[in-house]
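Printed here is query.cif (mmCIF, C-alpha atoms and all ligand atoms):
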data_protein
loop_
_atom_site.label_atom_id
_atom_site.label_comp_id
_atom_site.auth_asym_id
_atom_site.auth_seq_id
_atom_site.Cartn_x
_atom_site.Cartn_y
_atom_site.Cartn_z
CA MET A 787 0.00 0.00 0.00
CA VAL A 788 2.76 2.37 0.95
CA ALA A 789 4.70 1.40 -2.17
CA LEU A 790 1.65 2.10 -4.31
CA ASN A 791 1.24 5.54 -2.82
CA LYS A 792 4.88 6.29 -3.43
CA LYS A 793 4.48 5.27 -7.02
CA TRP A 794 1.47 7.55 -7.36
CA VAL A 795 3.33 10.47 -5.91
CA LEU A 796 6.23 9.86 -8.26
CA ASN A 797 3.85 9.61 -11.21
CA LEU A 798 2.14 12.85 -10.29
CA LEU A 799 5.49 14.54 -9.82
CA PHE A 800 6.57 13.28 -13.23
CA ILE A 801 3.40 14.62 -14.84
CA TRP A 802 3.74 17.95 -13.04
CA VAL A 803 7.35 18.44 -14.08
CA PHE A 804 7.06 17.31 -17.69
CA ALA A 805 3.51 18.20 -18.63
CA ARG A 806 3.58 21.75 -17.30
CA PRO A 807 5.67 23.33 -20.05
CA ILE A 808 3.47 21.62 -22.67
CA LEU A 809 0.22 22.74 -21.10
CA SER A 810 1.23 26.28 -20.24
CA ILE A 811 -0.23 29.09 -22.34
CA PRO A 812 2.23 31.14 -24.38
CA ILE A 813 2.31 34.73 -23.12
CA PRO A 814 1.41 37.13 -25.92
CA ALA A 815 3.48 40.29 -26.36
CA ARG A 816 0.30 42.31 -25.84
CA TYR A 817 -2.87 41.72 -23.87
CA ASP A 818 -5.22 39.57 -25.94
CA GLY A 819 -8.12 41.10 -27.78
CA PHE A 820 -9.21 44.13 -29.76
CA VAL A 821 -9.81 47.49 -28.13
CA PHE A 822 -13.07 49.01 -29.34
CA ASN A 823 -12.44 52.64 -28.43
CA PRO A 824 -8.67 53.13 -28.32
CA SER A 825 -8.99 56.92 -28.49
CA SER A 826 -10.10 57.32 -24.88
CA SER A 827 -7.15 59.16 -23.39
CA THR A 828 -7.35 58.61 -19.65
CA LEU A 829 -7.59 55.23 -18.02
CA PRO A 830 -11.32 54.52 -17.89
CA SER A 831 -12.90 53.35 -14.69
CA VAL A 832 -14.74 50.39 -16.16
CA LEU A 833 -13.11 47.67 -18.20
CA VAL A 834 -15.56 45.49 -20.07
CA GLU A 835 -14.31 42.37 -21.79
CA ALA A 836 -16.50 40.42 -24.18
CA PHE A 837 -15.66 36.99 -25.50
CA ILE A 838 -17.23 36.83 -28.93
CA ASP A 839 -17.49 34.18 -31.62
CA PRO A 840 -18.05 35.98 -34.95
CA LEU A 841 -20.14 33.04 -36.16
CA CYS A 842 -22.28 32.68 -33.03
CA SER A 843 -25.84 33.92 -33.44
CA ASP A 844 -26.12 34.88 -29.76
CA SER A 845 -23.03 37.06 -30.14
CA ALA A 846 -24.60 38.71 -33.19
CA ASP A 847 -27.91 39.20 -31.35
CA ALA A 848 -26.17 40.76 -28.34
CA TRP A 849 -24.01 43.12 -30.39
CA PRO A 850 -26.38 45.99 -31.38
CA VAL A 851 -27.53 46.78 -27.82
CA PHE A 852 -24.12 46.11 -26.32
CA LYS A 853 -22.45 48.38 -28.88
CA LYS A 854 -24.89 51.18 -27.98
CA VAL A 855 -23.99 50.75 -24.31
CA VAL A 856 -20.27 50.95 -25.08
CA GLN A 857 -20.73 54.01 -27.27
CA TYR A 858 -22.91 55.73 -24.66
CA TYR A 859 -20.32 55.21 -21.90
CA GLN A 860 -17.29 55.50 -24.12
CA ASP A 861 -15.55 58.15 -22.00
CA ASP A 862 -15.69 55.95 -18.90
CA LEU A 863 -15.61 52.49 -20.35
CA LEU A 864 -13.01 50.53 -22.24
CA LEU A 865 -14.19 47.55 -24.26
CA ILE A 866 -11.89 44.73 -25.26
CA VAL A 867 -13.35 41.99 -27.42
CA HIS A 868 -11.57 38.67 -27.24
CA PRO A 869 -12.26 36.44 -30.23
CA PHE A 870 -13.33 33.03 -28.97
CA PRO A 871 -13.96 30.36 -31.63
CA LEU A 872 -16.49 27.80 -30.45
CA PRO A 873 -15.60 24.32 -31.72
CA TYR A 874 -19.14 23.56 -32.90
CA HIS A 875 -18.96 26.49 -35.34
CA HIS A 876 -16.54 24.85 -37.75
CA ASN A 877 -15.36 28.05 -39.44
CA ALA A 878 -15.07 30.11 -36.29
CA PHE A 879 -11.32 29.66 -36.02
CA PHE A 880 -10.95 31.01 -39.58
CA ALA A 881 -13.21 33.95 -38.72
CA CYS A 882 -11.27 34.75 -35.53
CA ARG A 883 -8.02 34.45 -37.42
CA ALA A 884 -9.36 36.86 -40.06
CA LEU A 885 -9.99 39.38 -37.25
CA HIS A 886 -6.40 39.01 -36.05
CA ILE A 887 -5.12 39.43 -39.62
CA ILE A 888 -7.10 42.57 -40.39
CA ASN A 889 -6.34 43.99 -36.94
CA LYS A 890 -2.65 43.76 -37.86
CA LEU A 891 -3.17 45.28 -41.32
CA ASN A 892 -5.32 48.17 -40.15
CA SER A 893 -7.02 47.97 -36.77
CA SER A 894 -9.80 50.37 -37.75
CA PHE A 895 -11.29 47.50 -39.80
CA THR A 896 -11.40 44.90 -37.03
CA TYR A 897 -14.87 45.79 -35.79
CA PRO A 898 -16.31 46.41 -39.28
CA LEU A 899 -15.13 42.89 -40.20
CA LEU A 900 -16.67 41.46 -37.03
CA GLU A 901 -19.96 43.07 -38.04
CA LEU A 902 -19.60 41.69 -41.56
CA PHE A 903 -19.32 38.21 -40.08
CA PHE A 904 -22.40 38.87 -37.96
CA ASP A 905 -24.31 39.90 -41.11
CA ASN A 906 -23.11 36.88 -43.09
CA GLN A 907 -23.18 34.15 -40.46
CA ASP A 908 -25.49 31.88 -42.43
CA SER A 909 -23.13 31.47 -45.35
CA PHE A 910 -20.30 30.41 -43.00
CA SER A 911 -22.38 28.17 -40.76
CA THR A 912 -21.42 24.56 -40.20
CA SER A 913 -24.49 23.25 -42.04
CA TYR A 914 -24.08 25.58 -45.03
CA THR A 915 -20.40 24.72 -45.52
CA ILE A 916 -20.47 21.02 -44.67
CA GLN A 917 -19.71 20.06 -48.32
CA GLU A 918 -17.33 22.97 -48.91
CA ALA A 919 -13.54 22.69 -48.86
CA PRO A 920 -11.88 24.79 -46.13
CA SER A 921 -9.78 26.53 -48.80
CA SER A 922 -12.98 27.72 -50.46
CA VAL A 923 -14.33 29.07 -47.16
CA LEU A 924 -11.07 31.01 -46.70
CA LYS A 925 -11.39 32.42 -50.22
CA ARG A 926 -14.92 33.60 -49.47
CA ILE A 927 -13.76 35.26 -46.24
CA VAL A 928 -11.07 37.15 -48.19
CA GLN A 929 -13.64 38.06 -50.86
CA LEU A 930 -16.09 39.32 -48.25
CA ALA A 931 -13.46 41.69 -46.85
CA VAL A 932 -12.27 42.75 -50.30
CA ASP A 933 -15.80 43.49 -51.52
CA ASN A 934 -16.49 45.71 -48.54
CA PHE A 935 -13.15 47.34 -47.70
CA ASN A 936 -11.06 47.35 -50.86
CA GLU A 937 -11.72 50.98 -51.73
CA LEU A 938 -10.70 52.06 -48.24
CA LEU A 939 -7.50 50.05 -48.07
CA PRO A 940 -4.29 50.00 -50.12
CA SER A 941 -4.30 48.10 -53.41
CA GLU A 942 -2.24 45.25 -52.00
CA PHE A 943 -4.88 44.63 -49.31
CA GLU A 944 -6.26 41.46 -50.91
CA SER A 945 -2.87 39.75 -51.21
CA LEU A 946 -1.83 40.87 -47.71
CA PHE A 947 -5.08 39.65 -46.19
CA GLU A 948 -4.83 36.32 -48.01
CA ALA A 949 -1.17 35.94 -47.01
CA GLY A 950 -2.21 36.43 -43.40
CA PHE A 951 -3.79 32.98 -43.48
CA SER A 952 -0.37 31.44 -44.22
CA ASP A 953 1.37 33.42 -41.49
CA SER A 954 1.96 31.19 -38.48
CA ARG A 955 1.88 34.24 -36.19
CA THR A 956 -1.80 34.87 -36.90
CA ASP A 957 -2.49 31.19 -36.24
CA LEU A 958 -0.69 31.45 -32.91
CA ALA A 959 -2.48 34.70 -31.99
CA THR A 960 -5.84 33.01 -32.62
CA ARG A 961 -4.83 29.99 -30.56
CA ILE A 962 -3.79 32.27 -27.73
CA SER A 963 -7.18 34.01 -27.88
CA PHE A 964 -8.85 30.63 -27.50
CA LYS A 965 -6.53 29.51 -24.69
CA PHE A 966 -6.98 32.85 -22.96
CA GLY A 967 -10.75 32.31 -22.94
CA CYS A 968 -10.23 28.80 -21.56
CA SER A 969 -8.04 30.22 -18.81
CA ARG A 970 -10.94 32.54 -17.85
CA VAL A 971 -13.33 29.55 -17.93
CA VAL A 972 -15.32 30.88 -20.87
CA VAL A 973 -17.73 28.17 -22.00
CA GLY A 974 -19.83 29.99 -24.60
CA THR A 975 -20.33 33.35 -26.29
CA PRO A 976 -21.08 36.11 -25.70
CA TYR A 977 -19.39 36.01 -22.31
CA PHE A 978 -18.85 39.25 -20.44
CA PHE A 979 -16.50 40.40 -17.70
CA VAL A 980 -16.73 43.77 -15.96
CA ASN A 981 -13.52 44.88 -14.28
CA GLY A 982 -12.48 41.24 -14.45
CA ILE A 983 -15.60 39.83 -12.78
CA PRO A 984 -17.73 37.44 -14.88
CA LEU A 985 -21.35 38.44 -15.54
CA TYR A 986 -22.79 34.96 -15.66
CA ASP A 987 -26.33 36.02 -16.49
CA ALA A 988 -25.59 38.64 -19.13
CA ASP A 989 -26.78 37.31 -22.47
CA SER A 990 -28.10 38.48 -25.81
CA SER A 991 -31.47 39.39 -24.28
CA TRP A 992 -29.93 42.07 -22.05
CA THR A 993 -31.40 45.53 -22.55
CA PHE A 994 -29.65 48.88 -22.38
CA SER A 995 -31.08 49.51 -18.90
CA GLN A 996 -29.83 46.15 -17.59
CA TRP A 997 -26.36 47.15 -18.68
CA ALA A 998 -26.82 50.60 -17.21
CA ASP A 999 -27.76 48.99 -13.86
CA ILE A 1000 -24.32 47.35 -13.82
CA ILE A 1001 -22.28 50.31 -15.04
CA GLU A 1002 -23.94 53.33 -13.36
CA PRO A 1003 -23.21 52.24 -9.75
CA LEU A 1004 -19.55 51.68 -10.65
CA LEU A 1005 -19.29 55.17 -12.12
CA ALA A 1006 -21.06 56.62 -9.07
CA GLN A 1007 -18.44 55.06 -6.78
CA ARG A 1008 -15.62 56.96 -8.43
CA SER A 1009 -14.09 59.55 -6.20
C1 LIG B 1101 -6.49 52.52 -41.98
O1 LIG B 1101 -7.46 52.78 -42.98
C2 LIG B 1101 -8.04 54.08 -42.90
C3 LIG B 1101 -9.15 54.17 -43.93
O2 LIG B 1101 -8.71 53.88 -45.21
C4 LIG B 1101 -6.96 55.11 -43.10
O3 LIG B 1101 -7.50 56.42 -42.99
C5 LIG B 1101 -5.85 54.92 -42.06
O4 LIG B 1101 -4.80 55.80 -42.32
C6 LIG B 1101 -5.35 53.49 -42.10
N1 LIG B 1101 -4.42 53.27 -40.99
C7 LIG B 1101 -3.26 52.67 -41.14
C8 LIG B 1101 -2.45 52.50 -39.90
O5 LIG B 1101 -2.89 52.25 -42.21
#
Any chance you could put this one into structure tokens?
Amino acid sequence: MVALNKKWVLNLLFIWVFARPILSIPIPARYDGFVFNPSSSTLPSVLVEAFIDPLCSDSADAWPVFKKVVQYYQDDLLLIVHPFPLPYHHNAFFACRALHIINKLNSSFTYPLLELFFDNQDSFSTSYTIQEAPSSVLKRIVQLAVDNFNELLPSEFESLFEAGFSDSRTDLATRISFKFGCSRVVVGTPYFFVNGIPLYDADSSWTFSQWADIIEPLLAQRS
């Protein structure tokens, strides 16, 4: 019995020592996610983080009201959206990667692209694309961005955007976004945190006044 316990302890020690470096999350050079209103000059009092899957219908449903809230409180509130690809939306990793790519090319197009995905979710859904090759889905994502942004971006935008999908750094950034969500125990989208605290019951049905009930008391406590 004692020998068995010893063996267990040694096994656990072995796992702890050797598995830890494999399981640890790479630390990104910058905090994960996309800042919605980077122009706010002073440090705002309320940090809201939203974990969003661009291909999740609940995320799309939540967005219009949530965006109004963020715009209304923009002087006192900083929003960071973390892309979080849900595994049951088969193209979500591509969509999140596209956000990382365009954020690197020109960050003012990150949120417009997110909204484009919201508007075109059906054509990237698992059921719609079940017979489609992944390379074709990627081409359509590039085309979607090109059709909507090309006039606003430099002529090489299409090739740069497409090349982003072969750049291992954008793959890693998207993986880190996913792992970051896992580390915060995110299990679905949209998932909200206010000043780091999870709002378990905030969902796509939340109204402006429900959000205001969370934010107003925090602003009132400022001294
Ligand atoms: C991003 O695109 C906008 C609109 O075309 C442009 O005004 C801005 O200068 C671009 N920013 C960068 C960093 O290229």
Problem set entry | Top pick for closest residue to Gln907 of chain A, considering A:Ser995, A:Ser941, A:Ser843, A:Asn936 and counting all atoms listed in the file | A:Ser843
Exercise. Do you know which residues are within 10 Å of ligand LIG 1101 (chain B) using all atoms listed in the file? Can you write them as a list in words?
Worked result: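 Based on all atoms listed in the file, ligand LIG 1101 (chain B) is surrounded within 10 Å by Asn889, Lys890, Leu891, Asn892, Ser893, Ser894, Phe895, Phe935, Asn936, Glu937, Leu938, Leu939 and Pro940 of chain A.
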Problem set entry | atom CA of Asp905 of chain A to atom CA of Lys853 of chain A, distance in Å rounded to a single decimal | 15.0 Å
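Of the residues listed (A:Leu872, A:Ala959, A:Pro920, A:Ala881), A:Ala959 shows the shortest atom-to-atom separation from Tyr817 of chain A; distances use only C-alpha atoms.
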For this session: Determine, counting all atoms listed in the file, every residue of protein, DNA or RNA that lies within 10 Å of (-20.3, 51.1, -23.8) in the file coordinates, then give the result as a VMD selection string.
Result: chain A and resid 822 to 823 832 to 834 851 to 865 994 997 to 998 1001
For this session: Rounded to one decimal place, report the atom CA of His886 of chain A-atom CA of Leu902 of chain A distance in Å.
Result: 14.6 Å
Exercise. Between A:Gln996, A:Gln917, A:Thr896, A:Ser991, which one has atoms that come closest to Asp844 of chain A, using only C-alpha atoms?
Worked result: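 So, comparing all the options, the nearest one is A:Ser991.
Closest approach to Ala988 of chain A from the set A:Ala836, A:Ile916, A:Val971, A:Ile811 is made by A:Ala836, with distances taken over all atoms listed in the file.
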Problem set entry | Near-Phe880 of chain A list (12 Å; all atoms listed in the file; drop same-chain fewer than 4 positions) as number ranges by chain | A: 839-841, 869-873, 875-876, 884-887, 903, 910-911, 920-928, 948, 950-952, 956-957, 959-961
Exercise. So which one's closest to Tyr986 of chain A, A:Val972, A:Val821, A:Leu946, A:Ala846? Using all atoms listed in the file, please.
Worked result: A:Val972
For this session: Using atom CA of Leu958 of chain A and atom CA of Asp933 of chain A as the two end points, give the distance in Å to one decimal.
Result: 26.8 Å
For this session: Have a look at A:Lys965, A:Tyr897, A:Asn877, A:Asn981 and name the one nearest to Ser909 of chain A; count all atoms listed in the file.
Result: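 Of the candidates, the smallest distance to Ser909 of chain A is held by A:Asn877.
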